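Heads up, the thing below is written out as structure tokens.
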Amino acid sequence: MATATAFPVDKSLEHPERVLLVGVMLSADYHGAAETRQRLFQAALNEAAELVAASGGEVVDVLSSSRDRAHSALFVGTGKAEELAAAVAAQQIDLVVFNHELTPTQERNLERALQCRVLDRVGLILAIFAQRAQSQEGKLQVELAQLTHLSGRLVRGYGHLQSQRGGIGLKGPGETQLETDRRLIGHKISALQKQLQQVKKQRATRRKSRMNSSLKTFALVGYTNTGKSSLFNRLTKAEVLAKDQLFATLDTTARRLYLSDAASVFITDTVGFVRDLPHKLVAAFAATLEETALADVLLHVVDVSHPEFERQIDDVNTVLAEIKAAEVPQLLVYNKIDKLAQNQQRPGILRAADGTPVAVRISVASGAGLADLRSAMIELALAK
Ligand SMILES: Nc1nc2c(ncn2[C@@H]2O[C@H](COP(=O)(O)OP(=O)(O)OP(=O)(O)O)[C@@H](O)[C@H]2O)c(=O)[nH]1
Ligand SMILES: [Mg+2]
């Protein structure tokens, strides 16, 4: 349900946008030896470039610098701002993306100084979600996240002006507008929350009928672009969109899956996670992610060919803890082994000391290890 609002909620991108990507390596954010810090910083920049691509933008230039700072606050000095403004003008940049969190005030000041739109990482992820949301639920959730993001900005963004005015007791026109905006946003937010509550009920009803059937539920989770939807399709012969793109999936789909005569299960595919997934987004997607927390087993899909796959596993576990799914048993699915060196492509099940399957090495692309995965799933489905 698209809604027109009086305020600039829509930060969605129009493509093709010419994007300047800015990375600032703050010593507070990257730890370890210089070489490690450099590698992590580069990986974060690469991921930001992928996010830009996922939003339909084109990275025209990347500027990075490092700063020795004890606290993790980005400060853009006048010299740097001038350098950025020159780059924006020279290369006809439409959008500058900071791979760093900006305060609303910083974002506004930068927009003024650079004469061009500015987004930080959170804003970029929200913009992608806004573009992608397909289902009514997905759209409601993204809109809620954007409005919450905006209302936070209105309050914080104008706060310093208000306190200055407070003493004089003035009520300028801007302030009145601000109050109106706040009230409208407040109404809109509660309306959205009510609608989402409704959706949540419908979901609960559907889930209940699944639970009554006493079938176990497996939920696919994992970092974005690891192959969850590809695996879902392969296992269930469904046709969920699978694409080499961050956040191809935003909704949850559930299908019944026959594993053996004794074991039929439900399997769900859902939105992928990313480092620093905005909290507002996680909160807004609570209804979608609830399925995950209530699953019997999580199939944690990992792109084992990704240089940062171990960190991605940690990032996913962080989000899982946030949505109270940390206690759900996990089976790690090491996918894309076809992309590893020849001598590392061996598929199969890895077991704990007591014999419980803890991980399976597979390739959805080549089909290697899929039989192992199915038998591990049967074991877990029949356990208890
Ligand atoms: N080489 C290789 N590529 C794979 C394999 N599995 C999936 N892919 C590719 O990885 C990309 C991402 O796949 P998806 O299934 O969309 O990944 P996802 O985890 O659902 O991604 P999001 O929905 O964005 O979170 C696609 O281009 C797939 O073709 C695999 O085993 N090997
Ligand atoms: Mg997907």
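Letters A, B, ... go to the chains of the structure tokens in the order shown; residues in each chain start at 1; ligands are counted from 1 in the same order.
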
Can you check which parts of chain A lie within 10 Å of ligand 1? Per residue, the shortest pair of atoms and distance in Å to one decimal, counting only C-alpha atoms and all ligand atoms, sorted by chain and number, as a tab-separated table.
residue	atom	partner	partner_atom_place_in_ligand_line	distance
A:Ala54	CA	ligand 1	24 (O)	9.3
A:Leu220	CA	ligand 1	19 (O)	8.7
A:Val221	CA	ligand 1	19 (O)	7.9
A:Gly222	CA	ligand 1	19 (O)	6.6
A:Tyr223	CA	ligand 1	25 (O)	6.2
A:Thr224	CA	ligand 1	25 (O)	3.3
A:Asn225	CA	ligand 1	21 (O)	3.4
A:Thr226	CA	ligand 1	19 (O)	4.0
A:Gly227	CA	ligand 1	17 (O)	3.4
A:Lys228	CA	ligand 1	19 (O)	3.8
A:Ser229	CA	ligand 1	20 (O)	3.7
A:Ser230	CA	ligand 1	15 (O)	3.6
A:Leu231	CA	ligand 1	15 (O)	6.4
A:Phe232	CA	ligand 1	15 (O)	7.8
A:Asn233	CA	ligand 1	15 (O)	8.2
A:Arg234	CA	ligand 1	15 (O)	9.7
A:Val240	CA	ligand 1	15 (O)	8.4
A:Leu241	CA	ligand 1	16 (O)	6.5
A:Ala242	CA	ligand 1	16 (O)	3.3
A:Lys243	CA	ligand 1	16 (O)	4.0
A:Asp244	CA	ligand 1	27 (O)	3.4
A:Gln245	CA	ligand 1	24 (O)	5.7
A:Leu246	CA	ligand 1	24 (O)	4.3
A:Phe247	CA	ligand 1	24 (O)	3.3
A:Ala248	CA	ligand 1	24 (O)	3.6
A:Thr249	CA	ligand 1	23 (O)	3.6
A:Leu250	CA	ligand 1	23 (O)	6.8
A:Asp251	CA	ligand 1	23 (O)	8.9
A:Asp269	CA	ligand 1	20 (O)	7.6
A:Thr270	CA	ligand 1	23 (O)	7.0
A:Val271	CA	ligand 1	25 (O)	5.4
A:Gly272	CA	ligand 1	25 (O)	3.5
A:Phe273	CA	ligand 1	25 (O)	6.7
A:Val274	CA	ligand 1	25 (O)	8.6
A:Val301	CA	ligand 1	19 (O)	7.4
A:Val302	CA	ligand 1	19 (O)	8.4
A:Asp303	CA	ligand 1	5 (C)	8.0
A:Val304	CA	ligand 1	31 (O)	9.5
A:Ser305	CA	ligand 1	1 (N)	8.6
A:Tyr334	CA	ligand 1	31 (O)	9.0
A:Asn335	CA	ligand 1	31 (O)	5.3
A:Lys336	CA	ligand 1	31 (O)	3.5
A:Ile337	CA	ligand 1	31 (O)	6.4
A:Asp338	CA	ligand 1	32 (N)	5.8
A:Lys339	CA	ligand 1	1 (N)	5.5
A:Leu340	CA	ligand 1	1 (N)	9.2
A:Arg361	CA	ligand 1	31 (O)	9.9
A:Ile362	CA	ligand 1	31 (O)	6.8
A:Ser363	CA	ligand 1	31 (O)	3.6
A:Val364	CA	ligand 1	31 (O)	3.8
A:Ala365	CA	ligand 1	31 (O)	4.0
A:Ser366	CA	ligand 1	31 (O)	6.4
A:Gly367	CA	ligand 1	31 (O)	7.6
A:Ala368	CA	ligand 1	31 (O)	8.5

Atoms kept (N, CA and C atoms) for selection, written as a short mmCIF file (atom, residue, chain, number, x, y, z; two decimals), in the first residue's frame:
data_model
loop_
_atom_site.label_atom_id
_atom_site.label_comp_id
_atom_site.auth_asym_id
_atom_site.auth_seq_id
_atom_site.Cartn_x
_atom_site.Cartn_y
_atom_site.Cartn_z
N ALA A 54 23.08 -2.91 -5.66
CA ALA A 54 21.77 -3.50 -5.40
C ALA A 54 20.67 -2.44 -5.43
N LEU A 220 15.33 -21.17 6.71
CA LEU A 220 16.60 -20.80 6.08
C LEU A 220 16.97 -19.41 6.57
N VAL A 221 18.16 -19.27 7.10
CA VAL A 221 18.65 -17.95 7.49
C VAL A 221 20.06 -17.80 6.95
N GLY A 222 20.58 -16.60 6.97
CA GLY A 222 21.95 -16.42 6.53
C GLY A 222 22.21 -15.03 6.00
N TYR A 223 23.46 -14.74 5.76
CA TYR A 223 23.86 -13.47 5.20
C TYR A 223 23.21 -13.32 3.83
N THR A 224 23.05 -12.10 3.39
CA THR A 224 22.45 -11.89 2.08
C THR A 224 23.36 -12.44 0.97
N ASN A 225 22.73 -12.99 -0.07
CA ASN A 225 23.45 -13.49 -1.24
C ASN A 225 24.23 -14.80 -1.02
N THR A 226 23.85 -15.56 0.00
CA THR A 226 24.59 -16.81 0.26
C THR A 226 23.98 -18.00 -0.47
N GLY A 227 22.74 -17.83 -0.97
CA GLY A 227 22.12 -18.92 -1.73
C GLY A 227 20.90 -19.54 -1.05
N LYS A 228 20.28 -18.80 -0.12
CA LYS A 228 19.12 -19.34 0.59
C LYS A 228 17.96 -19.64 -0.37
N SER A 229 17.64 -18.65 -1.20
CA SER A 229 16.51 -18.85 -2.11
C SER A 229 16.82 -19.92 -3.14
N SER A 230 18.07 -19.96 -3.61
CA SER A 230 18.46 -21.01 -4.56
C SER A 230 18.26 -22.38 -3.94
N LEU A 231 18.65 -22.52 -2.68
CA LEU A 231 18.51 -23.80 -1.99
C LEU A 231 17.02 -24.12 -1.78
N PHE A 232 16.27 -23.11 -1.37
CA PHE A 232 14.83 -23.27 -1.17
C PHE A 232 14.18 -23.79 -2.45
N ASN A 233 14.53 -23.16 -3.56
CA ASN A 233 13.96 -23.57 -4.85
C ASN A 233 14.37 -24.98 -5.21
N ARG A 234 15.64 -25.27 -4.99
CA ARG A 234 16.17 -26.59 -5.34
C ARG A 234 15.47 -27.69 -4.54
N VAL A 240 11.15 -19.04 -6.19
CA VAL A 240 11.41 -17.79 -5.51
C VAL A 240 12.56 -17.11 -6.25
N LEU A 241 12.50 -15.79 -6.34
CA LEU A 241 13.56 -15.06 -7.04
C LEU A 241 14.91 -15.28 -6.38
N ALA A 242 15.86 -15.81 -7.14
CA ALA A 242 17.23 -15.96 -6.65
C ALA A 242 18.13 -15.18 -7.59
N LYS A 243 18.93 -14.31 -7.05
CA LYS A 243 19.65 -13.37 -7.90
C LYS A 243 20.98 -13.02 -7.27
N ASP A 244 21.97 -12.73 -8.10
CA ASP A 244 23.26 -12.32 -7.57
C ASP A 244 23.18 -10.84 -7.18
N GLN A 245 22.57 -10.61 -6.07
CA GLN A 245 22.26 -9.24 -5.68
C GLN A 245 21.98 -9.27 -4.18
N LEU A 246 22.39 -8.25 -3.46
CA LEU A 246 22.09 -8.21 -2.04
C LEU A 246 20.60 -7.94 -1.85
N PHE A 247 20.01 -8.61 -0.91
CA PHE A 247 18.59 -8.45 -0.58
C PHE A 247 17.65 -8.73 -1.74
N ALA A 248 17.84 -9.87 -2.40
CA ALA A 248 16.90 -10.28 -3.44
C ALA A 248 15.56 -10.65 -2.80
N THR A 249 15.62 -11.19 -1.60
CA THR A 249 14.40 -11.65 -0.93
C THR A 249 14.06 -10.73 0.24
N LEU A 250 12.80 -10.33 0.32
CA LEU A 250 12.39 -9.53 1.49
C LEU A 250 11.25 -10.16 2.27
N ASP A 251 10.61 -11.13 1.69
CA ASP A 251 9.46 -11.73 2.35
C ASP A 251 9.76 -13.14 2.82
N ASP A 269 11.81 -19.58 3.59
CA ASP A 269 12.89 -18.74 3.05
C ASP A 269 12.58 -17.32 3.49
N THR A 270 13.57 -16.56 3.84
CA THR A 270 13.29 -15.21 4.31
C THR A 270 14.38 -14.23 3.92
N VAL A 271 14.25 -13.02 4.42
CA VAL A 271 15.19 -11.94 4.11
C VAL A 271 16.59 -12.28 4.65
N GLY A 272 17.60 -11.89 3.89
CA GLY A 272 18.97 -12.13 4.32
C GLY A 272 19.44 -11.05 5.29
N PHE A 273 20.50 -11.34 6.01
CA PHE A 273 21.02 -10.38 6.96
C PHE A 273 22.28 -9.72 6.41
N VAL A 274 22.67 -8.63 7.03
CA VAL A 274 23.87 -7.94 6.63
C VAL A 274 24.47 -7.33 7.88
N VAL A 301 22.62 -20.75 6.21
CA VAL A 301 23.33 -20.87 4.94
C VAL A 301 24.51 -19.89 4.89
N VAL A 302 25.67 -20.42 4.51
CA VAL A 302 26.91 -19.65 4.50
C VAL A 302 27.52 -19.74 3.10
N ASP A 303 27.99 -18.61 2.58
CA ASP A 303 28.75 -18.66 1.33
C ASP A 303 30.20 -18.90 1.71
N VAL A 304 30.59 -20.18 1.68
CA VAL A 304 31.90 -20.55 2.21
C VAL A 304 33.03 -20.08 1.27
N SER A 305 32.65 -19.60 0.08
CA SER A 305 33.69 -19.10 -0.83
C SER A 305 33.95 -17.61 -0.60
N TYR A 334 27.24 -25.01 4.57
CA TYR A 334 28.34 -24.36 3.85
C TYR A 334 28.10 -24.53 2.37
N ASN A 335 27.60 -23.47 1.74
CA ASN A 335 27.22 -23.54 0.33
C ASN A 335 28.34 -22.99 -0.57
N LYS A 336 28.19 -23.22 -1.84
CA LYS A 336 29.10 -22.74 -2.90
C LYS A 336 30.47 -23.38 -2.83
N ILE A 337 30.55 -24.64 -2.39
CA ILE A 337 31.87 -25.30 -2.36
C ILE A 337 32.44 -25.44 -3.77
N ASP A 338 31.57 -25.34 -4.79
CA ASP A 338 32.08 -25.41 -6.17
C ASP A 338 33.04 -24.27 -6.49
N LYS A 339 32.95 -23.19 -5.69
CA LYS A 339 33.82 -22.05 -5.97
C LYS A 339 35.17 -22.14 -5.22
N LEU A 340 35.31 -23.17 -4.41
CA LEU A 340 36.57 -23.33 -3.66
C LEU A 340 37.61 -24.03 -4.54
N ARG A 361 28.37 -29.59 3.94
CA ARG A 361 29.03 -28.85 2.86
C ARG A 361 28.34 -29.19 1.55
N ILE A 362 27.84 -28.16 0.88
CA ILE A 362 27.07 -28.41 -0.34
C ILE A 362 27.39 -27.40 -1.44
N SER A 363 26.87 -27.68 -2.62
CA SER A 363 26.82 -26.68 -3.67
C SER A 363 25.45 -26.78 -4.31
N VAL A 364 24.66 -25.74 -4.16
CA VAL A 364 23.35 -25.75 -4.81
C VAL A 364 23.56 -25.79 -6.32
N ALA A 365 24.60 -25.10 -6.78
CA ALA A 365 24.84 -25.00 -8.22
C ALA A 365 25.15 -26.36 -8.84
N SER A 366 26.04 -27.13 -8.22
CA SER A 366 26.42 -28.41 -8.82
C SER A 366 25.56 -29.56 -8.29
N GLY A 367 24.88 -29.32 -7.19
CA GLY A 367 24.07 -30.39 -6.59
C GLY A 367 24.84 -31.24 -5.60
N ALA A 368 26.15 -30.99 -5.49
CA ALA A 368 26.97 -31.78 -4.58
C ALA A 368 26.50 -31.59 -3.14
#

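In this structure, atom CA of Leu299 of chain A sits 6.5 Å away from atom CA of Phe218 of chain A.
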
- Message: When you look at segment 56-62 of chain A with a cut-off of 7 Å (counting only C-alpha atoms), what residues show up, excluding the ones that are within fewer than 4 positions of it in the same chain? I need them as an MDAnalysis selection string.
- Response: chainID A and resid 15:22 49 52

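Each of A:Glu308, A:Ala371, A:Ser190, A:Leu382 was compared to Arg39 of chain A using only C-alpha atoms, and A:Glu308 turns out to be the nearest.
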
- Item | Shell around Ala376 of chain A at 8 Å using only C-alpha atoms, local window under 3 positions removed, as JSON, numbers by chain | {"A": [349, 357, 360, 372, 373, 379, 380]}

- Task: Take atom CA of Asn317 of chain A and atom CA of Tyr30 of chain A and report the distance between them in Å, one decimal.
- Result: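 That distance, rounded to one decimal, is 20.0 Å.
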
- Message: Give me, as a PyMOL selection string, the residues of segment 174-357 of chain A that a backbone DSSP run labels strand (DSSP E or B).
- Response: chain A and resi 216-223+253-258+264-269+273+297-303+330-335+348-351+357
